[in-house]
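See structure below.
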Amino acid sequence: AVPDPDATGPRAGSATSVRVEAPGKVNLFLSVGAPRPDGYHPLTTVFQAVRLIETVTARRQALDARGRITLTLADPDDAVPTDERNLVVRAARLLAEATGVTEGVDLLLRKRVPVAGGMAGGSADAAATLLACNHLWGTGLGLGDLLDLAARLGADVPFPLMGATALGHGVGDRLTPLMGRGTYQWVFALSREGLSTPAVFTRFDELSATRVADAGAPAAPAEVPEALTAALRAGDAEALADCLANDLQEAALDLRPELAEVIETAERAGALRAIVSGSGPTIAALAPDSATAQRVARALSASGQCADVVRADAPVAGARVVG
Ligand code: ATP
């Protein structure tokens with residue numbers, strides 16, 4: 001945070017801007033149950049925060065700005081709205097309403113997580129915004145309160161506040177940190193066009209309807225296998241690869257059959273496993289080491305099957321103030 005030497009009165013000594021970084025995520029495990037009456041799907045998931053970092057800078061406004069919340073993108077992108085549809089604007093507004101703040105804020109967002117890629121970039125932005133505005137406005141909420149506000153913005157918003165590796169219950173918003181050691185090497189194959197998360201869940205429901213009719217009662221989400229938590233505790237990438245699972249993969253592949261080829265390319269080039277990340281269409285490939293990750297990234301780039309390829313290690317810390 002940058003101190004404002006010109007500030008006077010009640011603002012004296014407070015920052016004029018606060019910069020926060022928050023990570024994107026990959027789901028190591030995602031088991032989806034049948035939808036509840038409210039339409040939400042109960043799920044069990046394991047999130048891992050990856051070094052694809054979103055940056056939100058919150059700047060104090062001139063006193064006559066009348067409480068406006070503005071958002072500017074460092075790299076303008078037609079797929080990312082800058083009005084009330086953006087989770088960043090909604091996060092700032094929610095915090096202001098919850099704490100009675102009437103002052104506005106100018107927000108600057110720099111994105112590194114692919115948009116609509118199943119890596120919760122928008123959720124990371126919202127988490128970063130809650131933390132940045134909490135500091136800028138001096139609202140002083142603790143992590144518990146920020147997690148509660150985050151859950152009201154979306155099921156994936158609490159996790160980037162926490163970072164590292166965590167178990168998610170409920171609709172993914174109730175978190176328990178998971179112990180682990182070591183660093184994992186991920187390669188992400190990005191698609192030219194995003195996939196809408198609701199569309200993937202709808203396809204999931206359609207595909208499960210047949211199964212439910214065949215098997216009787218609708219399924220509750222599965223528990224995380226002990227082998228997965230043991231692999232994390234041991235820092236064993238090979239054992240972890242065996243446990244990677246994503247119930248949404250079938251639906252994502254059904255909507256984008258060409259993603260199966262991306263998975264094959266990654267695994268042929270040496271990835272231990274490649275899976276659909278969250279609701280897709282990003283493919284996440286786990287490599288045994290950095291040299292193999294490089295080989296996998298090169299093979300994916302050369303295949304012409306993806307729009308871009310990025311490498312990232314994991315796990316990394318949750319949202320934090322960096323300036
Ligand atoms: P998730 O995995 O949580 O479903 P995602 O990573 O697939 O999310 P996002 O990039 O978070 O998808 O957002 C998808 C859509 O949400 C975008 O197409 C965009 O219209 C809208 N959106 C709202 N806020 C943001 C934001 N801050 N960044 C990107 N998209 C946003």
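Residue numbering restarts at 1 for every chain of the structure tokens, chains are lettered A, B, ... in their displayed order, and ligands are numbered from 1 as they appear.
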For the contact check between chain A and ligand 1, emit one row per residue of chain A within 9 Å, containing the shortest atom pair and the distance in Å rounded to one decimal, counting only C-alpha atoms and all ligand atoms, chain then rising number order, as a tab-separated table.
residue	atom	partner	partner_atom_place_in_ligand_line	distance
A:Gly24	CA	ligand 1	6 (O)	8.0
A:Lys25	CA	ligand 1	2 (O)	8.3
A:Val26	CA	ligand 1	2 (O)	8.7
A:Asp78	CA	ligand 1	20 (O)	8.7
A:Ala79	CA	ligand 1	18 (O)	5.5
A:Val80	CA	ligand 1	30 (N)	4.8
A:Pro81	CA	ligand 1	20 (O)	6.0
A:Thr82	CA	ligand 1	24 (N)	7.8
A:Asp83	CA	ligand 1	24 (N)	9.0
A:Glu84	CA	ligand 1	23 (C)	8.6
A:Arg85	CA	ligand 1	23 (C)	5.6
A:Asn86	CA	ligand 1	24 (N)	3.5
A:Leu87	CA	ligand 1	24 (N)	4.1
A:Val88	CA	ligand 1	27 (N)	5.4
A:Val89	CA	ligand 1	24 (N)	8.2
A:Arg90	CA	ligand 1	24 (N)	8.6
A:Leu109	CA	ligand 1	27 (N)	7.8
A:Lys111	CA	ligand 1	28 (N)	7.4
A:Val113	CA	ligand 1	10 (O)	7.3
A:Pro114	CA	ligand 1	10 (O)	6.2
A:Val115	CA	ligand 1	10 (O)	3.5
A:Ala116	CA	ligand 1	12 (O)	3.3
A:Gly117	CA	ligand 1	7 (O)	4.2
A:Gly118	CA	ligand 1	7 (O)	3.4
A:Met119	CA	ligand 1	6 (O)	4.0
A:Ala120	CA	ligand 1	6 (O)	3.5
A:Gly121	CA	ligand 1	11 (O)	4.1
A:Gly122	CA	ligand 1	11 (O)	3.2
A:Ser123	CA	ligand 1	11 (O)	5.5
A:Ala124	CA	ligand 1	11 (O)	7.6
A:Asp125	CA	ligand 1	27 (N)	5.2
A:Ala126	CA	ligand 1	27 (N)	6.7
A:Gly154	CA	ligand 1	3 (O)	7.9
A:Ala155	CA	ligand 1	3 (O)	7.7
A:Asp156	CA	ligand 1	3 (O)	5.5
A:Val157	CA	ligand 1	3 (O)	7.8
A:Gly194	CA	ligand 1	7 (O)	7.2
A:Leu195	CA	ligand 1	7 (O)	6.8
A:Ser196	CA	ligand 1	7 (O)	6.6
A:Thr197	CA	ligand 1	4 (O)	4.9
A:Pro198	CA	ligand 1	4 (O)	8.0
A:Ser277	CA	ligand 1	2 (O)	8.1
A:Gly278	CA	ligand 1	2 (O)	5.7
A:Ser279	CA	ligand 1	2 (O)	6.0
A:Gly280	CA	ligand 1	7 (O)	6.7
A:Pro281	CA	ligand 1	7 (O)	8.0
A:Thr282	CA	ligand 1	7 (O)	8.7
Export C-alpha atoms of the chosen residues as a short mmCIF file (atom, residue, chain, number, x, y, z; two decimals), in the first residue's frame?
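New file part_34.cif:
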data_model
loop_
_atom_site.label_atom_id
_atom_site.label_comp_id
_atom_site.auth_asym_id
_atom_site.auth_seq_id
_atom_site.Cartn_x
_atom_site.Cartn_y
_atom_site.Cartn_z
CA GLY A 24 -6.72 -19.16 -10.24
CA LYS A 25 -7.51 -22.78 -9.38
CA VAL A 26 -7.66 -26.28 -10.70
CA ASP A 78 -14.73 -7.97 -25.14
CA ALA A 79 -15.51 -11.10 -23.11
CA VAL A 80 -15.10 -9.27 -19.80
CA PRO A 81 -17.75 -6.66 -18.95
CA THR A 82 -16.72 -3.70 -16.78
CA ASP A 83 -20.19 -2.86 -15.45
CA GLU A 84 -22.33 -4.44 -12.71
CA ARG A 85 -22.06 -7.82 -14.44
CA ASN A 86 -18.42 -8.01 -13.42
CA LEU A 87 -17.80 -9.87 -10.17
CA VAL A 88 -15.25 -7.21 -9.22
CA VAL A 89 -17.89 -4.47 -9.19
CA ARG A 90 -20.33 -6.74 -7.35
CA LEU A 109 -7.96 -5.43 -13.02
CA LYS A 111 -6.12 -10.82 -15.74
CA VAL A 113 -6.40 -16.60 -15.68
CA PRO A 114 -8.17 -17.55 -18.93
CA VAL A 115 -11.69 -16.10 -19.19
CA ALA A 116 -14.52 -18.67 -18.99
CA GLY A 117 -11.85 -21.37 -18.79
CA GLY A 118 -13.07 -23.30 -15.74
CA MET A 119 -10.28 -21.85 -13.59
CA ALA A 120 -12.41 -19.41 -11.58
CA GLY A 121 -10.68 -16.24 -12.77
CA GLY A 122 -13.72 -14.08 -12.09
CA SER A 123 -13.97 -15.59 -8.61
CA ALA A 124 -10.29 -14.80 -7.94
CA ASP A 125 -10.96 -11.22 -9.05
CA ALA A 126 -13.90 -10.94 -6.65
CA GLY A 154 -20.42 -17.29 -5.83
CA ALA A 155 -19.48 -20.82 -4.80
CA ASP A 156 -15.91 -20.46 -6.12
CA VAL A 157 -15.16 -17.06 -4.53
CA GLY A 194 -14.88 -20.41 -23.35
CA LEU A 195 -17.54 -22.79 -22.06
CA SER A 196 -20.42 -21.47 -19.99
CA THR A 197 -20.44 -23.11 -16.56
CA PRO A 198 -24.29 -23.30 -16.44
CA SER A 277 -10.27 -28.18 -15.45
CA GLY A 278 -13.51 -27.47 -13.54
CA SER A 279 -16.26 -26.89 -16.07
CA GLY A 280 -13.71 -26.55 -18.88
CA PRO A 281 -12.78 -26.03 -21.61
CA THR A 282 -9.24 -25.61 -20.23
#
* **Neighbour list for Leu94 (chain A) as number ranges by chain, cut-off 9 Å, only C-alpha atoms, skip fewer than 2 positions in-chain** => A: 89-92, 96-99, 130, 149, 152-153
Please dump the current selection as a PDB file, in the first residue's frame; keep C-alpha atoms.
ATOM      1  CA  VAL A  89     -17.888  -4.472  -9.191  1.00  0.00           C
ATOM      2  CA  ARG A  90     -20.334  -6.741  -7.350  1.00  0.00           C
ATOM      3  CA  ALA A  91     -17.705  -7.628  -4.740  1.00  0.00           C
ATOM      4  CA  ALA A  92     -16.895  -3.971  -4.020  1.00  0.00           C
ATOM      5  CA  ALA A  96     -19.676  -1.397   0.867  1.00  0.00           C
ATOM      6  CA  GLU A  97     -23.274  -2.413   1.632  1.00  0.00           C
ATOM      7  CA  ALA A  98     -22.267  -4.884   4.323  1.00  0.00           C
ATOM      8  CA  THR A  99     -20.082  -2.347   6.145  1.00  0.00           C
ATOM      9  CA  LEU A 130     -12.942  -7.878  -1.235  1.00  0.00           C
ATOM     10  CA  LEU A 149     -19.270 -12.301   1.828  1.00  0.00           C
ATOM     11  CA  ARG A 152     -22.633 -14.782  -1.292  1.00  0.00           C
ATOM     12  CA  LEU A 153     -20.924 -13.750  -4.541  1.00  0.00           C
TER      13      LEU A 153
END
* To do: Using DSSP on the backbone coordinates, identify all residues within region 265-305 of chain A classified as alpha helix (DSSP H); present the result as a ChimeraX atom specification.
  => /A:265-268,290-303
Deliver the residues from the most recent selection as a file, using C-alpha atoms, as a PDB file, in the first residue's frame.
ATOM      1  CA  THR A 265      -1.647 -35.070 -26.879  1.00  0.00           C
ATOM      2  CA  ALA A 266      -0.707 -34.058 -23.317  1.00  0.00           C
ATOM      3  CA  GLU A 267      -0.587 -37.633 -22.032  1.00  0.00           C
ATOM      4  CA  ARG A 268       1.385 -38.872 -25.047  1.00  0.00           C
ATOM      5  CA  SER A 290       9.575 -29.300 -14.858  1.00  0.00           C
ATOM      6  CA  ALA A 291      11.434 -30.742 -17.895  1.00  0.00           C
ATOM      7  CA  THR A 292       8.445 -32.930 -18.773  1.00  0.00           C
ATOM      8  CA  ALA A 293       6.095 -29.996 -18.263  1.00  0.00           C
ATOM      9  CA  GLN A 294       8.129 -28.112 -20.849  1.00  0.00           C
ATOM     10  CA  ARG A 295       7.887 -31.047 -23.257  1.00  0.00           C
ATOM     11  CA  VAL A 296       4.130 -31.300 -22.748  1.00  0.00           C
ATOM     12  CA  ALA A 297       3.733 -27.548 -23.289  1.00  0.00           C
ATOM     13  CA  ARG A 298       5.740 -27.741 -26.534  1.00  0.00           C
ATOM     14  CA  ALA A 299       3.714 -30.706 -27.813  1.00  0.00           C
ATOM     15  CA  LEU A 300       0.449 -28.928 -27.073  1.00  0.00           C
ATOM     16  CA  SER A 301       1.621 -25.721 -28.770  1.00  0.00           C
ATOM     17  CA  ALA A 302       2.829 -27.649 -31.825  1.00  0.00           C
ATOM     18  CA  SER A 303      -0.449 -29.624 -32.075  1.00  0.00           C
TER      19      SER A 303
END
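Comparing A:Pro288, A:Gly39, A:Pro76, A:Pro257 by their smallest distance to Leu272 (chain A), the closest is A:Pro288 (using only C-alpha atoms).
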* Please provide as an MDAnalysis selection string all residues within 9 Å of Phe159 (chain A), with the sequence filter that same-chain residues fewer than 5 positions apart are discarded (counting only C-alpha atoms). => chainID A and resid 25 47:49 123:124 127 147 150 164:166 168 172:175 318
* Structure fact -> What separates CA of Val56 (chain A) and CA of Leu190 (chain A) is a distance of 22.6 Å
Counting only C-alpha atoms, give me one row per residue of region 9-67 of chain A with an atom at most 12 Å from an atom of region 226-231 of chain A, showing the shortest contact pair and its distance in Å to one decimal, sorted by chain then residue number, as a Markdown table.
| residue | atom | partner | partner_atom | distance |
| --- | --- | --- | --- | --- |
| A:Leu28 | CA | A:Leu228 | CA | 8.8 |
| A:Phe29 | CA | A:Leu228 | CA | 8.6 |
| A:Thr45 | CA | A:Leu228 | CA | 11.4 |
| A:Val46 | CA | A:Leu228 | CA | 9.4 |
| A:Phe47 | CA | A:Thr229 | CA | 12.0 |
Give me a file of those residues, with N, CA and C atoms, as a PDB file, in the first residue's frame.
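Once everything was written out, this is result00.pdb:
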ATOM      1  N   LEU A  28      -8.698 -30.743  -8.335  1.00  0.00           N
ATOM      2  CA  LEU A  28      -8.036 -32.051  -8.383  1.00  0.00           C
ATOM      3  C   LEU A  28      -9.083 -33.156  -8.351  1.00  0.00           C
ATOM      4  N   PHE A  29     -10.213 -32.832  -7.767  1.00  0.00           N
ATOM      5  CA  PHE A  29     -11.299 -33.797  -7.600  1.00  0.00           C
ATOM      6  C   PHE A  29     -12.590 -33.002  -7.629  1.00  0.00           C
ATOM      7  N   THR A  45     -15.286 -31.249  -3.630  1.00  0.00           N
ATOM      8  CA  THR A  45     -14.199 -30.918  -4.536  1.00  0.00           C
ATOM      9  C   THR A  45     -12.912 -30.687  -3.766  1.00  0.00           C
ATOM     10  N   VAL A  46     -11.798 -30.815  -4.460  1.00  0.00           N
ATOM     11  CA  VAL A  46     -10.512 -30.410  -3.909  1.00  0.00           C
ATOM     12  C   VAL A  46      -9.958 -29.351  -4.849  1.00  0.00           C
ATOM     13  N   PHE A  47      -9.789 -28.150  -4.300  1.00  0.00           N
ATOM     14  CA  PHE A  47      -9.233 -27.037  -5.071  1.00  0.00           C
ATOM     15  C   PHE A  47      -7.723 -26.970  -4.849  1.00  0.00           C
TER      16      PHE A  47
END
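Minimum distance to Leu167 (chain A) across A:Ala252, A:Val187, A:Ala22, A:Leu232 (counting only C-alpha atoms) occurs at A:Leu232.
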* To do: Identify all residues of region 118-298 of chain A in strand (DSSP E) (DSSP on the backbone) and supply them as a PyMOL selection string.
  => chain A and resi 165-169+174-177+184-190+245-246+273-276+283-287
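CA of Glu193 (chain A) lies 26.4 Å from CA of Leu107 (chain A).
Each of A:Asp247, A:Glu54, A:Asp106, A:Asp205 was checked against Arg36 (chain A) using only C-alpha atoms; the smallest atom-to-atom distance is that of A:Asp205.
The shortest atom-to-atom distance to Gly104 (chain A), with only C-alpha atoms taken into account, belongs to A:Ala65 out of A:Val276, A:Ala132, A:Ala65, A:Leu73.
Shortest separation to Val105 (chain A) among A:Ala314, A:Leu141, A:Val18, A:Leu161 occurs at residue A:Val18, atoms counted being only C-alpha atoms.
Atom to atom, CA of Arg181 (chain A) and CA of Pro315 (chain A) stand 9.1 Å apart.
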